[in-house]
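Asks: Input structure: query_11.cif, which contains mmCIF, C-alpha atoms.
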data_entry
loop_
_atom_site.label_atom_id
_atom_site.label_comp_id
_atom_site.auth_asym_id
_atom_site.auth_seq_id
_atom_site.Cartn_x
_atom_site.Cartn_y
_atom_site.Cartn_z
CA ASP A 1425 20.82 -59.38 -63.09
CA ALA A 1426 19.88 -56.26 -64.99
CA GLY A 1427 21.68 -53.13 -63.85
CA ILE A 1428 18.91 -51.04 -62.39
CA THR A 1429 19.12 -49.17 -59.13
CA GLN A 1430 16.65 -46.99 -57.29
CA SER A 1431 17.44 -44.30 -54.77
CA PRO A 1432 16.64 -43.74 -52.06
CA ARG A 1433 15.42 -47.15 -50.90
CA HIS A 1434 13.44 -45.65 -48.03
CA LYS A 1435 12.18 -42.16 -47.39
CA VAL A 1436 9.91 -40.48 -44.89
CA THR A 1437 8.70 -37.03 -45.82
CA GLU A 1438 6.14 -34.52 -44.66
CA THR A 1439 2.93 -33.64 -46.42
CA GLY A 1440 3.42 -30.79 -48.86
CA THR A 1441 7.12 -31.26 -49.46
CA PRO A 1442 8.57 -32.12 -52.88
CA VAL A 1443 10.18 -35.52 -53.31
CA THR A 1444 12.29 -36.92 -56.13
CA LEU A 1445 12.98 -40.59 -56.66
CA ARG A 1446 15.74 -41.69 -58.98
CA CYS A 1447 16.05 -44.70 -61.24
CA HIS A 1448 19.39 -45.45 -62.86
CA GLN A 1449 20.08 -48.18 -65.42
CA THR A 1450 23.27 -49.45 -66.99
CA GLU A 1451 21.55 -51.66 -69.59
CA ASN A 1452 20.77 -49.03 -72.24
CA HIS A 1453 17.13 -50.11 -72.42
CA ARG A 1454 14.97 -47.69 -74.35
CA TYR A 1455 11.82 -47.91 -72.21
CA MET A 1456 11.60 -46.99 -68.54
CA TYR A 1457 8.59 -47.08 -66.23
CA TRP A 1458 7.50 -45.97 -62.80
CA TYR A 1459 4.94 -48.09 -60.96
CA ARG A 1460 3.45 -47.92 -57.51
CA GLN A 1461 2.39 -50.95 -55.52
CA ASP A 1462 -0.43 -50.73 -53.03
CA PRO A 1463 -2.40 -53.43 -51.21
CA GLY A 1464 -5.47 -54.41 -53.17
CA HIS A 1465 -4.23 -52.73 -56.34
CA GLY A 1466 -1.21 -54.65 -57.52
CA LEU A 1467 1.18 -52.54 -59.57
CA ARG A 1468 -0.13 -49.46 -61.33
CA LEU A 1469 1.71 -47.48 -63.98
CA ILE A 1470 2.44 -43.85 -63.08
CA HIS A 1471 4.53 -42.60 -66.00
CA TYR A 1472 6.77 -44.08 -68.62
CA SER A 1473 9.46 -43.00 -71.04
CA TYR A 1474 10.25 -44.20 -74.53
CA GLY A 1475 13.41 -42.20 -74.97
CA VAL A 1476 15.36 -39.19 -73.78
CA LYS A 1477 12.92 -36.34 -73.14
CA ASP A 1478 10.03 -38.53 -74.33
CA THR A 1479 7.59 -39.36 -71.56
CA ASP A 1480 3.90 -40.07 -71.19
CA LYS A 1481 1.28 -40.59 -68.52
CA GLY A 1482 0.17 -43.87 -67.11
CA GLU A 1483 -2.89 -44.96 -65.20
CA VAL A 1484 -2.27 -42.97 -61.99
CA SER A 1485 -0.24 -39.93 -63.05
CA ASP A 1486 -2.01 -37.18 -61.08
CA GLY A 1487 0.37 -35.53 -58.60
CA TYR A 1488 3.49 -36.92 -60.29
CA SER A 1489 5.89 -35.66 -62.91
CA VAL A 1490 8.88 -37.31 -64.55
CA SER A 1491 11.97 -36.37 -66.45
CA ARG A 1492 14.49 -38.25 -68.54
CA SER A 1493 17.44 -36.14 -69.60
CA LYS A 1494 19.75 -39.12 -70.16
CA THR A 1495 19.10 -42.65 -71.34
CA GLU A 1496 20.19 -44.08 -68.02
CA ASP A 1497 18.23 -41.87 -65.61
CA PHE A 1498 14.49 -41.57 -65.04
CA LEU A 1499 13.33 -39.29 -62.24
CA LEU A 1500 9.94 -39.34 -60.55
CA THR A 1501 8.89 -36.17 -58.71
CA LEU A 1502 6.06 -35.68 -56.29
CA GLU A 1503 5.59 -31.93 -56.46
CA SER A 1504 3.75 -31.71 -53.13
CA ALA A 1505 3.57 -35.04 -51.36
CA THR A 1506 0.26 -36.22 -49.90
CA SER A 1507 -0.52 -39.14 -47.59
CA SER A 1508 -2.22 -40.94 -50.47
CA GLN A 1509 1.19 -41.15 -52.14
CA THR A 1510 2.54 -43.34 -49.36
CA SER A 1511 3.46 -46.44 -51.31
CA VAL A 1512 6.22 -48.62 -52.66
CA TYR A 1513 7.54 -47.31 -55.94
CA PHE A 1514 9.18 -49.50 -58.56
CA CYS A 1515 11.16 -48.51 -61.59
CA ALA A 1516 11.33 -50.91 -64.52
CA ILE A 1517 13.27 -51.08 -67.77
CA SER A 1518 12.44 -52.94 -70.95
CA ASP A 1519 13.27 -53.30 -74.60
CA TYR A 1520 9.56 -53.61 -75.37
CA SER A 1521 7.15 -50.69 -75.57
CA GLY A 1522 4.54 -52.44 -73.45
CA GLY A 1523 6.99 -53.09 -70.67
CA THR A 1524 6.72 -56.82 -71.08
CA GLU A 1525 9.56 -58.93 -69.73
CA ALA A 1526 10.67 -55.82 -67.84
CA PHE A 1527 13.42 -55.80 -65.24
CA PHE A 1528 12.41 -54.12 -62.00
CA GLY A 1529 14.40 -52.22 -59.46
CA GLN A 1530 14.29 -53.12 -55.78
CA GLY A 1531 11.77 -50.47 -54.95
CA THR A 1532 11.55 -47.32 -52.87
CA ARG A 1533 9.32 -47.30 -49.81
CA LEU A 1534 7.95 -43.78 -49.41
CA THR A 1535 6.02 -42.70 -46.36
CA VAL A 1536 4.29 -39.31 -46.31
CA VAL A 1537 3.39 -38.17 -42.80
CA ASP B 1001 -12.52 -51.37 -62.58
CA GLN B 1002 -10.09 -54.24 -62.12
CA GLN B 1003 -9.43 -55.63 -65.60
CA VAL B 1004 -7.08 -58.33 -64.32
CA LYS B 1005 -8.27 -60.21 -61.28
CA GLN B 1006 -6.53 -62.61 -58.97
CA ASN B 1007 -9.30 -63.67 -56.66
CA SER B 1008 -7.19 -65.67 -54.25
CA PRO B 1009 -5.07 -63.38 -52.08
CA SER B 1010 -3.20 -66.33 -50.64
CA LEU B 1011 -2.54 -70.01 -51.27
CA SER B 1012 -0.72 -72.66 -49.22
CA VAL B 1013 0.66 -75.81 -50.82
CA GLN B 1014 2.76 -78.65 -49.49
CA GLU B 1015 6.25 -79.05 -50.83
CA GLY B 1016 6.37 -81.42 -53.77
CA ARG B 1017 2.73 -80.91 -54.71
CA ILE B 1018 1.31 -78.83 -57.54
CA SER B 1019 0.61 -75.12 -57.04
CA ILE B 1020 -2.09 -73.61 -59.24
CA LEU B 1021 -2.48 -69.85 -59.34
CA ASN B 1022 -5.42 -68.38 -61.21
CA CYS B 1023 -6.06 -65.14 -63.04
CA ASP B 1024 -9.13 -63.78 -64.83
CA TYR B 1025 -9.35 -60.83 -67.18
CA THR B 1026 -12.23 -58.84 -68.58
CA ASN B 1027 -10.68 -56.86 -71.44
CA SER B 1028 -11.07 -58.84 -74.67
CA MET B 1029 -8.29 -56.77 -76.26
CA PHE B 1030 -5.67 -58.42 -74.04
CA ASP B 1031 -3.63 -60.88 -76.07
CA TYR B 1032 -0.37 -61.22 -74.17
CA PHE B 1033 -0.07 -62.41 -70.61
CA LEU B 1034 2.75 -62.65 -68.11
CA TRP B 1035 3.46 -63.89 -64.64
CA TYR B 1036 5.82 -62.09 -62.29
CA LYS B 1037 7.19 -63.37 -59.01
CA LYS B 1038 8.04 -61.08 -56.11
CA TYR B 1039 10.00 -61.73 -52.95
CA PRO B 1040 9.74 -59.34 -49.97
CA ALA B 1041 11.86 -56.19 -50.27
CA GLU B 1042 12.69 -56.99 -53.89
CA GLY B 1043 11.26 -55.94 -57.23
CA PRO B 1044 9.13 -58.32 -59.29
CA THR B 1045 10.95 -60.68 -61.63
CA PHE B 1046 9.56 -61.94 -64.91
CA LEU B 1047 8.65 -65.61 -64.79
CA ILE B 1048 6.82 -66.74 -67.90
CA SER B 1049 4.56 -65.37 -70.64
CA ILE B 1050 2.04 -66.57 -73.17
CA SER B 1051 0.56 -65.13 -76.32
CA SER B 1052 -3.08 -65.59 -77.25
CA ILE B 1053 -2.07 -67.66 -80.27
CA LYS B 1054 -1.10 -70.43 -77.86
CA ASP B 1055 -2.97 -72.14 -75.06
CA LYS B 1056 0.02 -73.44 -73.16
CA ASN B 1057 3.59 -72.44 -72.51
CA GLU B 1058 6.04 -74.42 -70.44
CA ASP B 1059 9.36 -73.50 -68.86
CA GLY B 1060 10.81 -76.11 -66.57
CA ARG B 1061 8.58 -76.49 -63.51
CA PHE B 1062 6.34 -73.61 -64.63
CA THR B 1063 3.48 -73.93 -67.09
CA VAL B 1064 0.98 -71.27 -68.01
CA PHE B 1065 -2.39 -72.23 -69.49
CA LEU B 1066 -4.64 -69.80 -71.34
CA ASN B 1067 -8.37 -70.28 -71.88
CA LYS B 1068 -9.41 -67.43 -74.14
CA SER B 1069 -13.10 -68.25 -74.21
CA ALA B 1070 -13.23 -68.12 -70.41
CA LYS B 1071 -10.80 -65.19 -70.23
CA HIS B 1072 -8.80 -67.18 -67.72
CA LEU B 1073 -5.20 -68.14 -67.27
CA SER B 1074 -3.43 -70.22 -64.70
CA LEU B 1075 0.13 -70.84 -63.59
CA HIS B 1076 1.08 -74.36 -62.57
CA ILE B 1077 4.21 -75.04 -60.55
CA VAL B 1078 5.24 -78.67 -60.34
CA PRO B 1079 6.76 -79.76 -58.04
CA SER B 1080 6.45 -76.87 -55.61
CA GLN B 1081 9.59 -75.95 -53.70
CA PRO B 1082 10.14 -73.76 -50.62
CA GLY B 1083 11.87 -71.15 -52.79
CA ASP B 1084 8.61 -70.72 -54.70
CA SER B 1085 7.10 -68.97 -51.68
CA ALA B 1086 6.47 -65.44 -52.98
CA VAL B 1087 3.78 -63.14 -54.30
CA TYR B 1088 2.79 -63.88 -57.88
CA PHE B 1089 1.37 -61.19 -60.13
CA CYS B 1090 -0.53 -61.85 -63.31
CA ALA B 1091 -0.27 -59.14 -65.98
CA ALA B 1092 -1.87 -58.56 -69.37
CA SER B 1093 -1.19 -56.45 -72.42
CA ALA B 1094 -2.86 -55.75 -75.74
CA ASN B 1095 -1.40 -55.57 -79.23
CA PHE B 1096 0.82 -58.56 -78.47
CA GLY B 1097 2.71 -56.83 -75.73
CA ASN B 1098 3.02 -53.40 -77.29
CA GLU B 1099 0.46 -51.84 -74.97
CA LYS B 1100 1.15 -51.07 -71.35
CA LEU B 1101 0.80 -53.83 -68.80
CA THR B 1102 -2.20 -54.14 -66.50
CA PHE B 1103 -1.40 -56.06 -63.33
CA GLY B 1104 -3.55 -58.15 -61.04
CA THR B 1105 -3.51 -57.69 -57.27
CA GLY B 1106 -1.26 -60.67 -56.61
CA THR B 1107 -1.49 -64.04 -54.86
CA ARG B 1108 0.80 -64.90 -51.96
CA LEU B 1109 1.98 -68.47 -52.34
CA THR B 1110 3.36 -70.27 -49.30
CA ILE B 1111 5.03 -73.65 -49.72
CA ILE B 1112 4.83 -75.76 -46.59
CA PRO B 1113 7.89 -77.98 -46.04
#
Now that the file is in, can you turn its structure into structure tokens?

Replies:
Amino acid sequence: DAGITQSPRHKVTETGTPVTLRCHQTENHRYMYWYRQDPGHGLRLIHYSYGVKDTDKGEVSDGYSVSRSKTEDFLLTLESATSSQTSVYFCAISDYSGGTEAFFGQGTRLTVV
Amino acid sequence: DQQVKQNSPSLSVQEGRISILNCDYTNSMFDYFLWYKKYPAEGPTFLISISSIKDKNEDGRFTVFLNKSAKHLSLHIVPSQPGDSAVYFCAASANFGNEKLTFGTGTRLTIIP
């Protein structure tokens, strides 16, 4: 199995508070992705990174920011959490720019109350 | 605007029989397609892919068929086993996998012993 871990696995937070999710890989893959999974929507790309300090927006990036200061770590920050950001968040790593054949983390279930 | 559609939210199949999961897409630029499998509380895992230069790709019990004129692909699992019970996501990419993935909404497959 690919070495990819997400933390925390579960989090409950209040509306308006900042939240940071962490993705850590030990595989040295160049590309890293953050997705969210919601009923009726499948997985949607939030942000992705193609190298240290190189990031770009995905399909649903509003309200989220990311940072990648090291190859192995990709952080997703909700600056001011809203109830619409209640979701399951997945990090993925890949050797391919499109994220094909990506390895996914186990997910973080975030609830904003 | 759902560019990748999985119109069957759920499917039940008897063990040993064939499972057929369907996926339709609308974007004619898509030329690389993947299937992911997801168990509860785990991240998706890559299952099989196909490029638009082929109409069939086989890997053990799993076969993916692509009908470009109909913009339709299907995943066949033969014979179906209880461990195949999971949610299956179809995904598509353009530029032969170099563009970001677009996922379908998923189909929950249940194999009945």

Asks: Run the PyMOL selection byres ((chain A and resi 1536) around 8) on the file and write out the hits as a list of chain:residue names.

Replies: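 Expected selection for the PyMOL selection byres ((chain A and resi 1536) around 8) here is A:Val1436, A:Thr1437, A:Glu1438, A:Thr1439, A:Ala1505, A:Thr1506, A:Ser1507, A:Ser1508, A:Gln1509, A:Thr1510, A:Leu1534, A:Thr1535, A:Val1537.
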
Asks: Considering all atoms listed in the file, can you say which of B:Gly1016, B:Tyr1036, B:Leu1073, B:Ala1086 comes closest to Lys1054 of chain B?

Replies: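 Distance minimum relative to Lys1054 of chain B lands on B:Leu1073.
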
Asks: For the atom pair atom CA of Asn1067 of chain B and atom CA of Ser1012 of chain B, what is the interatomic distance in Å to one decimal place?

Replies: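 One can read the atom CA of Asn1067 of chain B to atom CA of Ser1012 of chain B distance as 24.0 Å.
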
Asks: Residues of chain B that approach chain A to 10 Å or less, counting all atoms listed in the file: could you list each one with the shortest pair of atoms and its distance in Å to one decimal, rows by chain and increasing residue number, as a tab-separated table?

Replies:
residue	atom	partner	partner_atom	distance
B:Gln1002	CA	A:His1465	CA	8.4
B:Val1004	CA	A:Gly1466	CA	9.7
B:Lys1005	CA	A:Gly1466	CA	9.7
B:Gln1006	CA	A:Gly1466	CA	9.7
B:Pro1009	CA	A:Gly1464	CA	9.0
B:Tyr1032	CA	A:Thr1524	CA	8.9
B:Phe1033	CA	A:Thr1524	CA	8.8
B:Leu1034	CA	A:Thr1524	CA	7.7
B:Trp1035	CA	A:Glu1525	CA	9.4
B:Tyr1036	CA	A:Glu1525	CA	8.9
B:Pro1040	CA	A:Gln1530	CA	9.7
B:Ala1041	CA	A:Gln1530	CA	6.8
B:Glu1042	CA	A:Gln1530	CA	4.6
B:Gly1043	CA	A:Gln1530	CA	4.4
B:Pro1044	CA	A:Phe1528	CA	6.0
B:Thr1045	CA	A:Phe1527	CA	6.6
B:Phe1046	CA	A:Glu1525	CA	5.7
B:Leu1047	CA	A:Glu1525	CA	8.4
B:Ile1048	CA	A:Glu1525	CA	8.5
B:Ser1049	CA	A:Glu1525	CA	8.2
B:Phe1089	CA	A:Gly1466	CA	7.5
B:Cys1090	CA	A:Gly1466	CA	9.3
B:Ala1091	CA	A:Thr1524	CA	9.0
B:Ala1092	CA	A:Thr1524	CA	8.9
B:Ser1093	CA	A:Gly1522	CA	7.1
B:Ala1094	CA	A:Gly1522	CA	8.4
B:Asn1095	CA	A:Gly1522	CA	8.9
B:Phe1096	CA	A:Gly1522	CA	8.7
B:Gly1097	CA	A:Gly1522	CA	5.3
B:Asn1098	CA	A:Gly1522	CA	4.2
B:Glu1099	CA	A:Gly1522	CA	4.4
B:Lys1100	CA	A:Gly1522	CA	4.2
B:Leu1101	CA	A:Gly1522	CA	6.1
B:Thr1102	CA	A:Arg1468	CA	7.3
B:Phe1103	CA	A:Leu1467	CA	5.8
B:Gly1104	CA	A:Gly1466	CA	5.5
B:Thr1105	CA	A:Gly1466	CA	3.8
B:Gly1106	CA	A:Gly1466	CA	6.1
B:Thr1107	CA	A:Gly1466	CA	9.8

Asks: Could you give me, as a ChimeraX atom specification, the residues within 8 Å of Tyr1488 of chain A, counting all atoms listed in the file and dropping anything in the same chain fewer than 5 positions from it?

Replies: /A:1470,1500-1503

Asks: Neighbours of Thr1429 of chain A within 8 Å (all atoms listed in the file; same-chain residues fewer than 2 positions away dropped), as a PyMOL selection string?

Replies: chain A and resi 1427+1431+1447-1449+1529-1530

Asks: For the atom pair atom CA of Val1013 of chain B and atom CA of His1072 of chain B, what is the interatomic distance in Å to one decimal place?

Replies: 21.2 Å

Asks: In Å to one decimal, how far is atom CA of Asp1001 of chain B from atom CA of Thr1026 of chain B?

Replies: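 Computing the Euclidean distance for atom CA of Thr1026 of chain B and atom CA of Asp1001 of chain B yields 9.6 Å.
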
Asks: For Leu1021 of chain B, please output as a list in words all residues within 9 Å (counting only C-alpha atoms; exclusion window: fewer than 5 positions along the same chain).

Replies: Gln1006, Ser1008, Leu1011, Leu1073, Ser1074, Leu1075, His1076, Ile1077, Tyr1088, Thr1107 and Leu1109 of chain B

Asks: Expand the PyMOL selection byres ((chain A and resi 1450-1454) around 8) into the explicit residue set it covers here, and present it as an mmCIF file with C-alpha atoms, in the frame of the given file.

Replies:
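This went into expr-v4.cif:
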data_model
loop_
_atom_site.group_PDB
_atom_site.id
_atom_site.type_symbol
_atom_site.label_atom_id
_atom_site.label_comp_id
_atom_site.auth_asym_id
_atom_site.auth_seq_id
_atom_site.Cartn_x
_atom_site.Cartn_y
_atom_site.Cartn_z
ATOM 1 C CA ALA A 1426 19.880 -56.260 -64.990
ATOM 2 C CA GLY A 1427 21.680 -53.130 -63.850
ATOM 3 C CA ILE A 1428 18.910 -51.040 -62.390
ATOM 4 C CA HIS A 1448 19.390 -45.450 -62.860
ATOM 5 C CA GLN A 1449 20.080 -48.180 -65.420
ATOM 6 C CA TYR A 1455 11.820 -47.910 -72.210
ATOM 7 C CA MET A 1456 11.600 -46.990 -68.540
ATOM 8 C CA SER A 1473 9.460 -43.000 -71.040
ATOM 9 C CA TYR A 1474 10.250 -44.200 -74.530
ATOM 10 C CA GLY A 1475 13.410 -42.200 -74.970
ATOM 11 C CA THR A 1495 19.100 -42.650 -71.340
ATOM 12 C CA GLU A 1496 20.190 -44.080 -68.020
ATOM 13 C CA ILE A 1517 13.270 -51.080 -67.770
ATOM 14 C CA SER A 1518 12.440 -52.940 -70.950
ATOM 15 C CA ASP A 1519 13.270 -53.300 -74.600
#

Asks: Taking (15.3, -72.8, -47.7) as a centre in this file's frame and 12 Å as the limit, can you find every polymer residue with an atom that close, using only C-alpha atoms, and give them as number ranges by chain?

Replies: B: 1015, 1081-1085, 1111-1113

Asks: Got time to write the residues from that selection, C-alpha atoms, as a CSV table (one decimal), keeping the file's coordinate frame?

Replies:
chain,number,residue,atom,x,y,z
B,1015,GLU,CA,6.2,-79.0,-50.8
B,1081,GLN,CA,9.6,-76.0,-53.7
B,1082,PRO,CA,10.1,-73.8,-50.6
B,1083,GLY,CA,11.9,-71.2,-52.8
B,1084,ASP,CA,8.6,-70.7,-54.7
B,1085,SER,CA,7.1,-69.0,-51.7
B,1111,ILE,CA,5.0,-73.6,-49.7
B,1112,ILE,CA,4.8,-75.8,-46.6
B,1113,PRO,CA,7.9,-78.0,-46.0

Asks: Quick one: 3 Å padding each side, axis-aligned, all listed atoms of segment 1496-1504 of chain A - centre and edge lengths in Å to one decimal, as lines of an AutoDock Vina configuration file?

Replies:
center_x = 12.0
center_y = -37.9
center_z = -60.6
size_x = 22.4
size_y = 18.4
size_z = 20.9

Asks: How would you write as a VMD selection string the residues that get within 7 Å of (-0.4, -73.0, -70.2) in the file's frame, counting only C-alpha atoms?

Replies: chain B and resid 1055 to 1058 1063 to 1066 1074 to 1075

Asks: Here is a test: counting all atoms listed in the file, which residue of A:Ser1493, A:Gly1487, A:Leu1499, A:Ser1504 is nearest to Pro1442 of chain A?

Replies: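 So, comparing all the options, the nearest one is A:Ser1504.
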
Asks: Of the candidates A:Val1484, A:Ser1489, A:Thr1441, A:Lys1435, which one gets nearest to Arg1460 of chain A if we count all atoms listed in the file?

Replies: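 Looking only at the distances to Arg1460 of chain A, the closest residue turns out to be A:Val1484.
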
Asks: Determine the nearest neighbour of Val1078 of chain B from the options B:Phe1030, B:Ile1053, B:Arg1061, B:Tyr1039, counting only C-alpha atoms.

Replies: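 Of all the options, B:Arg1061 lies closest to Val1078 of chain B.
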